[in-house]
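Visitor: Pasting a structure here, questions to come.
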Amino acid sequence: MIRIAAVGDVHLGEDARGRLRPALDKLGEHADVLLLAGDLTRHGTLDEARVAADEFADLPVPVVAVLGNHDHHSDVADDIAKLLEDQGIRVLEGTATTIDVDGQRLGVAGVKGFGGGFAGKCASRFGEREMKGFVDHTIDRADALRSALADIDADMRVALTHYSPIPETLRGEPPEIYAFLGCYQLGEAIDESEVDLAIHGHAHFGCEQGVTPGGVRVRNVAQPVIRSAFATYGLGE
Amino acid sequence: MSDESPQYLVAHLRRALAEHPRTAELGVRVNVRGDAVHLSGEVASEQRRADLDVVLHEVAPQVVIHNDVRVADCREPSQREELR
């Protein structure tokens with residue numbers, strides 16, 4: 001069995017430095033890999049990213065992350081990704097990584113994703129330039145996830161996103177804002193690949209468990225949802 | 001209590017919490033009930049919980065605020081979900 005720990009939306013900053021560390025120091029007892037589902041920071045600054053990098057540094061298991069919308073707020077997302085990478089955290093954005101766990105290969109494909117909404121209640125690429133730009137980003141990021149998943153050669157596959165691929169894990173959020181919390185295109189990309197588990201964050205008032213239309217288990221690991229330093233899942237026998 | 005209608009008051013306060021650099025909190029619910037504003041949700045530290053009151057007092061000093069926001073639980077998980 002591969003043990004996966006995951007958390008999103010930790011929103012670190014100097015005032016929250018070290019809060020996760022007591023639990024993370026025991027991470028090796030719980031998991032073989034830690035996945036971070038975006039929103040590591042609050043304002044997306046390099047100072048906050050340094051706190052996040054310190055918080056998740058020197059852990060006994062590989063750490064794989066995607067960034068979230070908060071991590072983009074100061075327009076230095078690329079620098080944040082590099083800073084985290086320099087601390088040994090693998091940051092995915094339309095890319096994948098493979099981790100060896102006791103001879104089994106776990107492939108993780110990651111992308112931030114975007115909003116757009118879900119089948120029948122979603123934005124269309126029509127009208128104003130701004131609207132087309134919005135939906136173009138939705139489609140582009142979903143295509144990037146699809147491509148990253150196709151690149152994986154592993155025994156088990158995980159799709160890691162910040163935005164949600166399904167509406168089910170958003171229950172608890174106002175339905176009117178679902179279109180800003182995720183998009184069906186991410187779910188479609190996941191269902192076209194052989195994915196064993198999809199992990200996302202972003203929806204603080206959502207719920208943990210859901211399933212894609214194609215039957216892939218989805219878990220919303222936003223910290224306010226899981227109410228612990230991280231959630232853990234066992235994949236396989 | 002504010003003279004604004006409750007719907008506009010909620011919109012203004014939610015936007016303030018999301019867009020004010022001191023808070024940048026999108027995960028806080030704002031509800032107007034009777035003559036008071038109730039906040040719920042979760043933030044990462046005690047300081048951020050206190051900052052919600054400060055920012056709302058800045059933008060709407062006449063409003064009574066009940067801050068029920070909790071601080072994130074950072075303990076280890078008590079169990080693992082097996083996905084077979």
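Ordering of the structure tokens sets the chain letters (A, B, ...), residue numbers begin anew at 1 in every chain, and ligands are numbered from 1 in the order given.
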As a short mmCIF file (atom, residue, chain, number, x, y, z; two decimals) with C-alpha atoms, in the first residue's frame, please: the residues near B:Leu26 (cut-off 9 Å, only C-alpha atoms, same-chain neighbours under 3 positions excluded).

Guide:
```
data_model
loop_
_atom_site.label_atom_id
_atom_site.label_comp_id
_atom_site.auth_asym_id
_atom_site.auth_seq_id
_atom_site.Cartn_x
_atom_site.Cartn_y
_atom_site.Cartn_z
CA HIS A 204 -12.94 25.76 2.46
CA ARG B 14 -17.14 40.06 2.33
CA ARG B 15 -15.25 42.02 -0.29
CA LEU B 17 -12.25 40.72 4.06
CA ALA B 18 -11.15 39.27 0.71
CA GLU B 19 -9.49 42.35 -0.73
CA THR B 23 -6.98 39.92 5.83
CA ARG B 29 -18.74 33.66 5.86
#
```

Visitor: As JSON, numbers by chain, please: the residues near stretch 45-52 of chain B (cut-off 10 Å, only C-alpha atoms, same-chain neighbours under 6 positions excluded).

Guide: {"A": [11, 12, 13, 15, 16, 17, 19], "B": [16, 17, 20, 22, 23, 24, 25, 28, 39, 58, 65, 67, 68, 69, 70, 71, 72, 73]}

Visitor: Please write the residues from the selection above to a file, keeping C-alpha atoms, as a PDB file, in the first residue's frame.

Guide:
```pdb
ATOM      1  CA  HIS A  11      -2.154  29.901   3.847  1.00  0.00           C
ATOM      2  CA  LEU A  12       1.146  30.280   5.645  1.00  0.00           C
ATOM      3  CA  GLY A  13       2.762  33.539   6.653  1.00  0.00           C
ATOM      4  CA  ASP A  15       2.237  34.711  11.926  1.00  0.00           C
ATOM      5  CA  ALA A  16       1.515  31.033  11.247  1.00  0.00           C
ATOM      6  CA  ARG A  17       5.128  29.836  11.064  1.00  0.00           C
ATOM      7  CA  ARG A  19       2.066  25.663  13.399  1.00  0.00           C
TER       8      ARG A  19
ATOM      9  CA  ALA B  16     -13.419  43.943   2.390  1.00  0.00           C
ATOM     10  CA  LEU B  17     -12.249  40.716   4.062  1.00  0.00           C
ATOM     11  CA  HIS B  20      -8.011  44.137   2.304  1.00  0.00           C
ATOM     12  CA  ARG B  22      -4.491  42.775   6.191  1.00  0.00           C
ATOM     13  CA  THR B  23      -6.976  39.916   5.832  1.00  0.00           C
ATOM     14  CA  ALA B  24      -7.084  38.483   2.267  1.00  0.00           C
ATOM     15  CA  GLU B  25      -9.582  35.944   3.581  1.00  0.00           C
ATOM     16  CA  VAL B  28     -14.953  33.591   5.924  1.00  0.00           C
ATOM     17  CA  LEU B  39     -18.561  35.688  10.986  1.00  0.00           C
ATOM     18  CA  GLU B  58     -12.437  50.079   9.808  1.00  0.00           C
ATOM     19  CA  ILE B  65     -19.621  41.866  15.013  1.00  0.00           C
ATOM     20  CA  ASN B  67     -16.656  36.625  15.381  1.00  0.00           C
ATOM     21  CA  ASP B  68     -17.224  32.844  15.475  1.00  0.00           C
ATOM     22  CA  VAL B  69     -14.290  32.094  13.155  1.00  0.00           C
ATOM     23  CA  ARG B  70     -12.078  29.284  14.435  1.00  0.00           C
ATOM     24  CA  VAL B  71      -8.336  28.818  14.092  1.00  0.00           C
ATOM     25  CA  ALA B  72      -7.088  25.881  11.993  1.00  0.00           C
ATOM     26  CA  ASP B  73      -6.592  22.562  13.760  1.00  0.00           C
TER      27      ASP B  73
END
```

Visitor: Taking 2 positions as the minimum chain separation for residues in the same chain, which residues sit within 7 Å of stretch 91-96 of chain A when counting only C-alpha atoms? Answer as a compact mmCIF listing (two decimals) with N, CA and C atoms, in the first residue's frame.

Guide:
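Wrote it out as result.txt, contents follow:
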```txt
# COMPACT_ATOMS: atom_id res chain seq x y z
N VAL A 64 5.31 17.03 -2.84
CA VAL A 64 4.91 17.44 -4.19
C VAL A 64 3.78 18.47 -4.05
N ALA A 65 3.89 19.57 -4.79
CA ALA A 65 2.92 20.65 -4.61
C ALA A 65 2.41 21.18 -5.95
N VAL A 66 1.21 21.73 -5.92
CA VAL A 66 0.77 22.68 -6.95
C VAL A 66 0.52 24.00 -6.23
N ALA A 81 7.48 29.17 -7.09
CA ALA A 81 7.73 27.78 -7.47
C ALA A 81 9.23 27.47 -7.39
N GLU A 85 11.09 24.81 -5.05
CA GLU A 85 11.92 23.77 -5.68
C GLU A 85 13.32 23.76 -5.07
N ILE A 89 11.05 20.86 -2.68
CA ILE A 89 9.64 20.57 -2.93
C ILE A 89 9.42 20.54 -4.44
N THR A 98 7.30 11.03 -10.67
CA THR A 98 7.09 9.65 -10.23
C THR A 98 7.93 9.39 -8.98
N GLY A 107 2.72 7.83 -9.61
CA GLY A 107 2.83 8.98 -10.50
C GLY A 107 1.87 10.08 -10.04
N VAL A 108 2.36 11.29 -9.97
CA VAL A 108 1.51 12.42 -9.60
C VAL A 108 1.57 13.46 -10.70
N ALA A 109 0.41 13.77 -11.27
CA ALA A 109 0.33 14.84 -12.26
C ALA A 109 -0.37 16.02 -11.60
N GLY A 110 0.17 17.21 -11.79
CA GLY A 110 -0.40 18.35 -11.07
C GLY A 110 -0.61 19.57 -11.95
N VAL A 111 -1.63 20.32 -11.58
CA VAL A 111 -1.91 21.59 -12.24
C VAL A 111 -2.76 22.42 -11.27
N LYS A 112 -2.61 23.73 -11.36
CA LYS A 112 -3.46 24.59 -10.52
C LYS A 112 -4.93 24.39 -10.88
N ALA A 144 -3.47 20.86 -19.90
CA ALA A 144 -2.15 20.62 -19.32
C ALA A 144 -2.18 19.43 -18.37
N LEU A 145 -3.27 19.30 -17.61
CA LEU A 145 -3.40 18.13 -16.71
C LEU A 145 -3.50 16.85 -17.53
N ALA A 148 -0.12 15.95 -18.79
CA ALA A 148 0.76 15.48 -17.71
C ALA A 148 0.40 14.06 -17.30
N LEU A 149 -0.90 13.77 -17.23
CA LEU A 149 -1.34 12.42 -16.87
C LEU A 149 -0.89 11.41 -17.92
N ILE A 152 2.65 9.93 -17.52
CA ILE A 152 3.01 9.12 -16.35
C ILE A 152 3.16 7.64 -16.74
```

Visitor: Using only C-alpha atoms and a cut-off of 6 Å, which residues of chain A sit close to chain B? Please list them as a PDB file with N, CA and C atoms, in the first residue's frame.

Guide:
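Saved file iface-v6.pdb follows:
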```pdb
ATOM      1  N   ALA A  16       1.923  32.440  11.109  1.00  0.00           N
ATOM      2  CA  ALA A  16       1.515  31.033  11.247  1.00  0.00           C
ATOM      3  C   ALA A  16       2.718  30.091  11.164  1.00  0.00           C
ATOM      4  N   LEU A  20       2.281  23.900  11.718  1.00  0.00           N
ATOM      5  CA  LEU A  20       2.095  22.537  11.218  1.00  0.00           C
ATOM      6  C   LEU A  20       3.242  21.614  11.624  1.00  0.00           C
ATOM      7  N   ALA A  23       3.085  18.292  13.843  1.00  0.00           N
ATOM      8  CA  ALA A  23       2.469  17.145  13.155  1.00  0.00           C
ATOM      9  C   ALA A  23       3.366  16.656  12.023  1.00  0.00           C
ATOM     10  N   HIS A 204     -13.052  25.856   1.003  1.00  0.00           N
ATOM     11  CA  HIS A 204     -12.938  25.763   2.461  1.00  0.00           C
ATOM     12  C   HIS A 204     -14.218  25.261   3.123  1.00  0.00           C
ATOM     13  N   ARG A 227      -9.666  19.429   8.831  1.00  0.00           N
ATOM     14  CA  ARG A 227      -9.528  19.770  10.245  1.00  0.00           C
ATOM     15  C   ARG A 227      -8.378  19.027  10.929  1.00  0.00           C
ATOM     16  N   SER A 228      -7.253  18.942  10.233  1.00  0.00           N
ATOM     17  CA  SER A 228      -6.027  18.398  10.820  1.00  0.00           C
ATOM     18  C   SER A 228      -4.867  18.920   9.975  1.00  0.00           C
ATOM     19  N   ALA A 229      -3.647  18.596  10.378  1.00  0.00           N
ATOM     20  CA  ALA A 229      -2.473  19.105   9.663  1.00  0.00           C
ATOM     21  C   ALA A 229      -2.401  18.536   8.254  1.00  0.00           C
ATOM     22  N   THR A 232      -4.742  11.484   5.442  1.00  0.00           N
ATOM     23  CA  THR A 232      -3.962  10.381   4.893  1.00  0.00           C
ATOM     24  C   THR A 232      -4.873   9.353   4.225  1.00  0.00           C
ATOM     25  N   TYR A 233      -4.366   8.854   3.099  1.00  0.00           N
ATOM     26  CA  TYR A 233      -5.108   7.878   2.297  1.00  0.00           C
ATOM     27  C   TYR A 233      -4.179   6.714   1.952  1.00  0.00           C
ATOM     28  N   GLY A 234      -4.698   5.501   2.022  1.00  0.00           N
ATOM     29  CA  GLY A 234      -3.933   4.329   1.616  1.00  0.00           C
ATOM     30  C   GLY A 234      -4.408   3.874   0.256  1.00  0.00           C
ATOM     31  N   LEU A 235      -3.457   3.797  -0.694  1.00  0.00           N
ATOM     32  CA  LEU A 235      -3.803   3.387  -2.074  1.00  0.00           C
ATOM     33  C   LEU A 235      -3.240   1.999  -2.340  1.00  0.00           C
ATOM     34  N   GLY A 236      -4.082   1.097  -2.838  1.00  0.00           N
ATOM     35  CA  GLY A 236      -3.611  -0.233  -3.208  1.00  0.00           C
ATOM     36  C   GLY A 236      -3.577  -1.167  -2.013  1.00  0.00           C
TER      37      GLY A 236
END
```

Visitor: I'd like the interatomic distance between atom CA of A:Gly116 and atom CA of A:Gly38, to a tenth of an Å.

Guide: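 About the pair atom CA of A:Gly116 and atom CA of A:Gly38: they are 17.9 Å apart.
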
Visitor: Find the residues around stretch 206-212 of chain A up to 10 Å (only C-alpha atoms counted), leave out those fewer than 2 positions away in its own chain, and share them as JSON, numbers by chain.

Guide: {"A": [165, 166, 167, 168, 169, 170, 171, 172, 173, 174, 181, 184, 186, 187, 188, 190, 191, 197, 198, 199, 200, 201, 202, 203, 204, 214, 215, 216, 217, 218, 219, 220, 221, 222, 224, 225, 226, 231]}

Visitor: Could you find all residues in stretch 1-64 of chain B that DSSP calls alpha helix (DSSP H) from the backbone, and write them as number ranges by chain?

Guide: B: 6-19, 46-59

Visitor: To one decimal place, how far is atom CA of A:Tyr163 from atom CA of A:Ala31 in Å?

Guide: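 Between atom CA of A:Tyr163 and atom CA of A:Ala31 the gap works out to 23.5 Å.
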
Visitor: Which of chain B counts as strand (DSSP E or B) under DSSP, as a list in words please?

Guide: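 So, restricting chain B to strand (DSSP E or B), we get Val28, Arg29, Val30, Asn31, Val32, Arg33, Ala36, Val37, His38, Leu39, Ser40, Gly41, Glu42, Val43, Val64, Ile65, His66, Asn67, Arg70, Val71, Glu81, Glu82 and Leu83 of chain B.
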